[in-house]
Amino acid sequence: MKKYLDDVLINTNDGNTISVIANFDRGDLETDEPKVEEMDIPILPLRNMMLFPGTLLPVNIARDSAKKLLEDAQDSGTGIGVFSQLRENIENPTNRDLFSTGVLGRVVKLLKLPDGTHTAFIQGYSRIQLLEAHSTDRYMMGKVAKNPEETPSANDRTFRVTVDACKEVADRMLQKSDGVKIDAKFSTRDIQDRVFYINFLCASLPVSNKEHMRLLMEDDLRQRAIELLKLLKREEQFAQLKASIQMQTQSELNQQQREYFLRKEMENIKDELGQGADDEVAKFRARLNKDFRPLLVKERIEKEIDKLDHMAPQSAEYSVQYEYIETLLSLPWLSYNSGKMTIKNAEKILNADHYGMELVKERILEHLAVIKTRGDFKAPIICLYGPPGVGKTSLGKSIARAMDRKYVRVSLGGLHDESEIRGHRKTYVGAMPGRIIKGILEAKSSCPVFILDEIDKVSGADIHGDPSSAMLEVLDPEQNERFHDNYLDMDYDLSNVMSVATANNIGTIPPPLLDRMELIEVSGYLTEEKIEIAKRHLIPDALEDNGMSRKRIKFSRQAIEKIIEDYTRESGVRELKKQIEKVIRKILLEQQRESEEERDYNLKPEDMTTT
């Protein structure tokens, strides 16, 4: 044992606690092993570490009780029971806080290091079992019993092959990393005794304390070697994965550094050419990081900004790219600025804006109730149809007010080009988004109310495409989540847009488009209804439009009825409004003439007096 101790002391002059391998002789170890008698022996609890048979363990001493135990054991030369704690955070453990399996040990050397701490070197011998333990005023004492292991014979081929496999894995780990905690001055190949080699690797392997104890509690040395081989292979795989990740990370860092220097060089070139830094690009990047957008949209905009950054501002493509990025950034991708809708408030607004039409308003309220209950817009699109001038468009505007949403009117009358709906590809000269995306930009919200006016006047398929087919994607709840605009060249979610179509003649609407809509007829008005509409809405609006107050001109009921019966022949009230405005203009003209004649008459006597 003297040679073993000399080697230990040589390798601990700097105060570091390291494991070393010296010449090992199992016969000397068995001769030197302390005897386990019926008397109590000191019990040394260890935190997060364990001693294995035949190995030498350096222990940093933190507890005063452990220091006293090791000093007494060194002075007396008696053996000690070394056991590992079940939980690391227990300061004064009892026998219930220790693993029942431990190792009989002897204090080889107790060192006081320059920083004031103590380190003990404990030689392990054989396994022992803790029978009982109790605390004294100095440290824990207990009774132990031998717990022998099943040691394979020298001719056991399975054990030899397993040990050789462990050596191969351990050697690879030593060459590539510090996965096994062994002093670099020594090689595990110097260990000839296979039993000691297995125990030494078990003690040196950087695994959890529970896994160390699982190895120690294995009675059969063959099975312990197999379990050790599994852990070694696992740690080797972890080390390889760690090295791969570090290499990949380093490669990515190198690429980022390369891009950084290239960008800096480009900035210097721009400065030399007099272009300087592109303020517009910086503004675009700031806007991109300010608002929330879907991840795919953000990545796409980032790429487009990078393209713009590499373009010369004088080139024709620069302005095209600039307008494209401006459109992408201006779209309210995740903006849903809608207020709280109540059926009571919606009914109040519809009654205030429109007289009569009780069945129509009731049907609209039913539709809003379904939307409020479901919480989405996957319901048939409303189509208000009826003769001109009955208030279909104004009903759509009232629906927007009732829902407290932005109002956008899209006129479809005479539409014959599909690109008017889907937009033009940005590679074309003068390209722009379609009317749907323009409406979204105008509303600055992804959930406005779209009034699709005169949808029955959309042209059919011709050389310019089929606009009615493009409208299918807008109106179909199953498709409008991914409405594709050619200018954007990406999908936009229209599922939160409420569309209200208007039509005069549903017979001209293509059947597939008509199938997507729920028809609500807005019929013509009776004379009594027209009189009330004129008194409540048409006359006040006409007076305000012509700069007149209600007190200066008043329409009697007979006068309104006369205009309706003799001067208008319509189902709606559009012509009635024109005739009322015509009467107001005539009255204004006569009033202006009378005012000017009176002013001229008053001026003449004054002139005569002066003469």
# chains A, B, ... in the order shown; residues from 1 in each chain; ligands from 1

call {"tool": "residues_around", "arguments": {"residues": "A:Ser556", "least_positions_apart": "5", "cutoff": "12 Å", "atoms": "only C-alpha atoms", "output": "compact mmCIF listing (two decimals) with N, CA, C and O atoms, in the first residue's frame"}}
result
# COMPACT_ATOMS: atom_id res chain seq x y z
N ILE A 531 -94.31 58.56 -47.86
CA ILE A 531 -94.55 59.85 -47.18
C ILE A 531 -93.74 59.92 -45.89
O ILE A 531 -93.08 60.91 -45.59
N GLU A 532 -93.78 58.84 -45.10
CA GLU A 532 -93.03 58.82 -43.84
C GLU A 532 -91.52 58.88 -44.08
O GLU A 532 -90.79 59.54 -43.35
N ALA A 534 -90.04 60.25 -46.63
CA ALA A 534 -89.72 61.62 -47.06
C ALA A 534 -89.65 62.56 -45.87
O ALA A 534 -88.74 63.40 -45.78
N LYS A 535 -90.62 62.46 -44.95
CA LYS A 535 -90.65 63.37 -43.80
C LYS A 535 -89.48 63.10 -42.85
O LYS A 535 -88.90 64.04 -42.30
N ILE A 539 -86.39 64.68 -46.85
CA ILE A 539 -86.48 66.16 -46.78
C ILE A 539 -85.38 66.73 -45.87
O ILE A 539 -84.69 67.67 -46.27
N GLU A 561 -97.52 63.97 -50.96
CA GLU A 561 -98.34 62.99 -51.66
C GLU A 561 -98.52 63.36 -53.12
O GLU A 561 -98.53 62.49 -54.00
N LYS A 562 -98.65 64.68 -53.39
CA LYS A 562 -98.78 65.14 -54.76
C LYS A 562 -97.55 64.79 -55.59
O LYS A 562 -97.64 64.34 -56.74
N ILE A 563 -96.38 65.01 -55.00
CA ILE A 563 -95.13 64.68 -55.70
C ILE A 563 -95.07 63.18 -55.98
O ILE A 563 -94.68 62.75 -57.08

call {"tool": "select_by_dssp", "arguments": {"residues": "stretch 98-285 of chain A", "states": "strand (DSSP E)", "output": "short mmCIF file (atom, residue, chain, number, x, y, z; two decimals) with C-alpha atoms, in the first residue's frame"}}
result
data_model
loop_
_atom_site.label_atom_id
_atom_site.label_comp_id
_atom_site.auth_asym_id
_atom_site.auth_seq_id
_atom_site.Cartn_x
_atom_site.Cartn_y
_atom_site.Cartn_z
CA THR A 101 -25.84 -0.69 0.64
CA GLY A 102 -22.40 0.83 1.22
CA VAL A 103 -18.69 0.05 1.18
CA LEU A 104 -16.26 -0.65 3.98
CA GLY A 105 -13.44 1.90 3.86
CA ARG A 106 -10.26 3.09 5.57
CA VAL A 107 -8.86 6.62 5.76
CA VAL A 108 -5.56 6.57 3.85
CA LYS A 109 -4.65 10.21 4.24
CA LEU A 110 -6.23 13.39 5.64
CA LEU A 111 -4.88 16.60 4.09
CA LYS A 112 -5.34 20.23 5.10
CA HIS A 118 -9.76 19.38 4.30
CA THR A 119 -9.59 16.49 1.86
CA ALA A 120 -9.59 12.84 2.85
CA PHE A 121 -8.51 9.89 0.69
CA ILE A 122 -10.60 6.81 1.50
CA GLN A 123 -9.69 3.34 0.29
CA GLY A 124 -12.67 1.12 -0.53
CA TYR A 125 -12.71 -2.60 0.29
CA SER A 126 -15.86 -4.74 0.16
CA ARG A 127 -19.59 -4.11 0.14
CA ILE A 128 -21.46 -3.92 3.42
CA GLN A 129 -25.10 -3.68 4.52
CA LEU A 130 -26.27 -1.14 7.13
CA LEU A 131 -28.21 -2.97 9.84
CA GLU A 132 -28.86 -0.13 12.27
CA ALA A 133 -27.41 3.29 13.11
CA HIS A 134 -27.64 5.94 15.78
CA SER A 135 -26.18 9.41 16.32
CA MET A 140 -23.09 8.63 13.43
CA MET A 141 -22.27 5.07 14.52
CA GLY A 142 -23.83 1.84 13.25
CA LYS A 143 -23.68 -1.90 12.87
CA VAL A 144 -22.94 -3.37 9.45
CA ALA A 145 -22.68 -6.81 7.87
CA LYS A 146 -20.70 -8.11 4.90
#

call {"tool": "residues_around", "arguments": {"residues": "A:Lys406", "least_positions_apart": "4", "cutoff": "7 Å", "atoms": "only C-alpha atoms", "output": "list in words"}}
result
Ala400, Ala443, Pro448 and Val449 of chain A

call {"tool": "atom_distance", "arguments": {"atom1": "atom CA of A:Glu521", "atom2": "atom CA of A:Glu570"}}
result
16.5 Å

call {"tool": "residues_around", "arguments": {"residues": "stretch 326-337 of chain A", "least_positions_apart": "4", "cutoff": "6 Å", "atoms": "only C-alpha atoms", "output": "PyMOL selection string"}}
result
chain A and resi 293+441+444-447

call {"tool": "write_last_selection", "arguments": {"atoms": "C-alpha atoms", "output": "short mmCIF file (atom, residue, chain, number, x, y, z; two decimals), in the first residue's frame"}}
result
data_model
loop_
_atom_site.label_atom_id
_atom_site.label_comp_id
_atom_site.auth_asym_id
_atom_site.auth_seq_id
_atom_site.Cartn_x
_atom_site.Cartn_y
_atom_site.Cartn_z
CA ARG A 293 -47.99 39.42 -38.19
CA LEU A 441 -56.34 48.52 -46.88
CA LYS A 444 -57.40 49.14 -41.91
CA SER A 445 -59.05 46.10 -40.37
CA SER A 446 -59.32 42.41 -41.20
CA CYS A 447 -62.99 42.28 -40.13
#

call {"tool": "residues_around", "arguments": {"residues": "A:Arg585", "least_positions_apart": "2", "cutoff": "12 Å", "atoms": "only C-alpha atoms", "output": "list in words"}}
result
Ala542, Leu543, Asp545, Asn546, Gly547, Met548, Ile553, Lys578, Gln579, Ile580, Glu581, Lys582, Val583, Ile587, Leu588, Leu589, Glu590, Gln591 and Gln592 of chain A

call {"tool": "write_last_selection", "arguments": {"atoms": "all heavy atoms", "output": "short mmCIF file (atom, residue, chain, number, x, y, z; two decimals), in the first residue's frame"}}
result
data_model
loop_
_atom_site.label_atom_id
_atom_site.label_comp_id
_atom_site.auth_asym_id
_atom_site.auth_seq_id
_atom_site.Cartn_x
_atom_site.Cartn_y
_atom_site.Cartn_z
N ALA A 542 -82.10 66.50 -47.79
CA ALA A 542 -82.06 67.43 -48.94
C ALA A 542 -81.87 68.87 -48.48
O ALA A 542 -81.13 69.63 -49.11
CB ALA A 542 -83.34 67.29 -49.76
N LEU A 543 -82.55 69.26 -47.41
CA LEU A 543 -82.38 70.63 -46.88
C LEU A 543 -80.94 70.85 -46.42
O LEU A 543 -80.34 71.90 -46.69
CB LEU A 543 -83.35 70.86 -45.72
CG LEU A 543 -84.84 70.98 -46.10
CD1 LEU A 543 -85.70 71.00 -44.85
CD2 LEU A 543 -85.07 72.25 -46.92
N ASP A 545 -78.25 69.24 -47.48
CA ASP A 545 -77.36 69.24 -48.64
C ASP A 545 -77.39 70.57 -49.38
O ASP A 545 -76.39 70.96 -50.00
CB ASP A 545 -77.75 68.10 -49.60
CG ASP A 545 -77.47 66.73 -48.99
OD1 ASP A 545 -76.70 66.66 -48.02
OD2 ASP A 545 -78.05 65.73 -49.48
N ASN A 546 -78.53 71.28 -49.35
CA ASN A 546 -78.66 72.55 -50.08
C ASN A 546 -78.48 73.77 -49.19
O ASN A 546 -78.77 74.89 -49.60
CB ASN A 546 -80.03 72.62 -50.76
CG ASN A 546 -80.14 71.64 -51.92
OD1 ASN A 546 -79.70 71.94 -53.02
ND2 ASN A 546 -80.73 70.47 -51.67
N GLY A 547 -78.02 73.55 -47.95
CA GLY A 547 -77.71 74.66 -47.08
C GLY A 547 -78.92 75.36 -46.50
O GLY A 547 -78.86 76.56 -46.19
N MET A 548 -80.01 74.68 -46.35
CA MET A 548 -81.25 75.26 -45.82
C MET A 548 -81.56 74.68 -44.45
O MET A 548 -81.23 73.53 -44.15
CB MET A 548 -82.42 74.97 -46.78
CG MET A 548 -82.29 75.63 -48.15
SD MET A 548 -82.53 77.39 -48.05
CE MET A 548 -84.30 77.42 -47.69
N ILE A 553 -88.18 76.12 -44.91
CA ILE A 553 -89.02 75.42 -45.88
C ILE A 553 -89.68 74.24 -45.18
O ILE A 553 -89.01 73.44 -44.53
CB ILE A 553 -88.21 74.92 -47.09
CG1 ILE A 553 -87.55 76.09 -47.83
CG2 ILE A 553 -89.09 74.14 -48.04
CD1 ILE A 553 -86.69 75.67 -49.00
N LYS A 578 -85.03 63.07 -55.69
CA LYS A 578 -84.65 64.03 -56.74
C LYS A 578 -85.70 65.13 -56.89
O LYS A 578 -85.36 66.30 -57.02
CB LYS A 578 -84.46 63.30 -58.07
CG LYS A 578 -83.27 62.36 -58.11
CD LYS A 578 -83.17 61.67 -59.47
CE LYS A 578 -82.01 60.70 -59.52
NZ LYS A 578 -81.93 59.99 -60.82
N GLN A 579 -87.00 64.75 -56.86
CA GLN A 579 -88.05 65.73 -57.01
C GLN A 579 -88.10 66.68 -55.82
O GLN A 579 -88.36 67.89 -55.97
CB GLN A 579 -89.40 65.03 -57.19
CG GLN A 579 -89.54 64.22 -58.47
CD GLN A 579 -89.40 65.07 -59.71
OE1 GLN A 579 -89.78 66.26 -59.72
NE2 GLN A 579 -88.83 64.49 -60.77
N ILE A 580 -87.87 66.15 -54.63
CA ILE A 580 -87.83 67.01 -53.44
C ILE A 580 -86.67 68.01 -53.55
O ILE A 580 -86.82 69.21 -53.26
CB ILE A 580 -87.71 66.16 -52.17
CG1 ILE A 580 -89.01 65.39 -51.91
CG2 ILE A 580 -87.36 67.01 -50.95
CD1 ILE A 580 -88.94 64.39 -50.79
N GLU A 581 -85.50 67.53 -53.97
CA GLU A 581 -84.36 68.43 -54.16
C GLU A 581 -84.66 69.47 -55.24
O GLU A 581 -84.25 70.63 -55.13
CB GLU A 581 -83.11 67.62 -54.51
CG GLU A 581 -82.59 66.77 -53.37
CD GLU A 581 -81.40 65.94 -53.77
OE1 GLU A 581 -81.20 65.76 -54.99
OE2 GLU A 581 -80.68 65.45 -52.89
N LYS A 582 -85.39 69.08 -56.29
CA LYS A 582 -85.75 70.01 -57.35
C LYS A 582 -86.66 71.11 -56.82
O LYS A 582 -86.48 72.31 -57.14
CB LYS A 582 -86.45 69.25 -58.48
CG LYS A 582 -86.76 70.09 -59.70
CD LYS A 582 -87.37 69.22 -60.80
CE LYS A 582 -87.67 70.05 -62.03
NZ LYS A 582 -88.26 69.21 -63.12
N VAL A 583 -87.64 70.75 -55.97
CA VAL A 583 -88.53 71.74 -55.36
C VAL A 583 -87.74 72.70 -54.49
O VAL A 583 -87.95 73.92 -54.53
CB VAL A 583 -89.63 71.03 -54.55
CG1 VAL A 583 -90.43 72.04 -53.74
CG2 VAL A 583 -90.54 70.24 -55.46
N ILE A 587 -87.38 76.81 -54.91
CA ILE A 587 -87.69 77.76 -53.83
C ILE A 587 -86.47 78.63 -53.54
O ILE A 587 -86.58 79.86 -53.34
CB ILE A 587 -88.15 77.00 -52.58
CG1 ILE A 587 -89.47 76.28 -52.86
CG2 ILE A 587 -88.29 77.94 -51.40
CD1 ILE A 587 -89.93 75.39 -51.75
N LEU A 588 -85.31 78.03 -53.50
CA LEU A 588 -84.09 78.80 -53.25
C LEU A 588 -83.86 79.84 -54.35
O LEU A 588 -83.46 80.98 -54.07
CB LEU A 588 -82.89 77.85 -53.16
CG LEU A 588 -82.70 77.08 -51.85
CD1 LEU A 588 -81.53 76.12 -51.96
CD2 LEU A 588 -82.44 78.06 -50.71
N LEU A 589 -84.10 79.47 -55.59
CA LEU A 589 -83.91 80.39 -56.70
C LEU A 589 -84.85 81.58 -56.57
O LEU A 589 -84.42 82.74 -56.72
CB LEU A 589 -84.14 79.67 -58.02
CG LEU A 589 -84.02 80.52 -59.30
CD1 LEU A 589 -82.62 81.14 -59.39
CD2 LEU A 589 -84.32 79.68 -60.53
N GLU A 590 -86.14 81.34 -56.26
CA GLU A 590 -87.09 82.44 -56.11
C GLU A 590 -86.73 83.32 -54.93
O GLU A 590 -86.84 84.55 -54.98
CB GLU A 590 -88.51 81.87 -55.93
CG GLU A 590 -89.06 81.18 -57.17
CD GLU A 590 -89.14 82.13 -58.35
OE1 GLU A 590 -89.44 83.33 -58.14
OE2 GLU A 590 -88.88 81.67 -59.48
N GLN A 591 -86.27 82.71 -53.85
CA GLN A 591 -85.87 83.50 -52.68
C GLN A 591 -84.67 84.39 -52.99
O GLN A 591 -84.62 85.55 -52.56
CB GLN A 591 -85.56 82.57 -51.51
CG GLN A 591 -86.78 81.91 -50.88
CD GLN A 591 -86.41 81.00 -49.72
OE1 GLN A 591 -85.23 80.69 -49.52
NE2 GLN A 591 -87.42 80.57 -48.97
N GLN A 592 -83.72 83.88 -53.75
CA GLN A 592 -82.56 84.66 -54.11
C GLN A 592 -82.96 85.83 -55.04
O GLN A 592 -82.45 86.95 -54.91
CB GLN A 592 -81.50 83.78 -54.78
CG GLN A 592 -80.80 82.82 -53.83
CD GLN A 592 -79.99 83.54 -52.77
OE1 GLN A 592 -79.46 84.65 -53.01
NE2 GLN A 592 -79.92 82.95 -51.58
#

call {"tool": "atom_distance", "arguments": {"atom1": "atom CA of A:Met50", "atom2": "atom CA of A:Asp164"}}
result
24.2 Å

call {"tool": "atom_distance", "arguments": {"atom1": "atom CA of A:Phe238", "atom2": "atom CA of A:Phe83"}}
result
29.1 Å
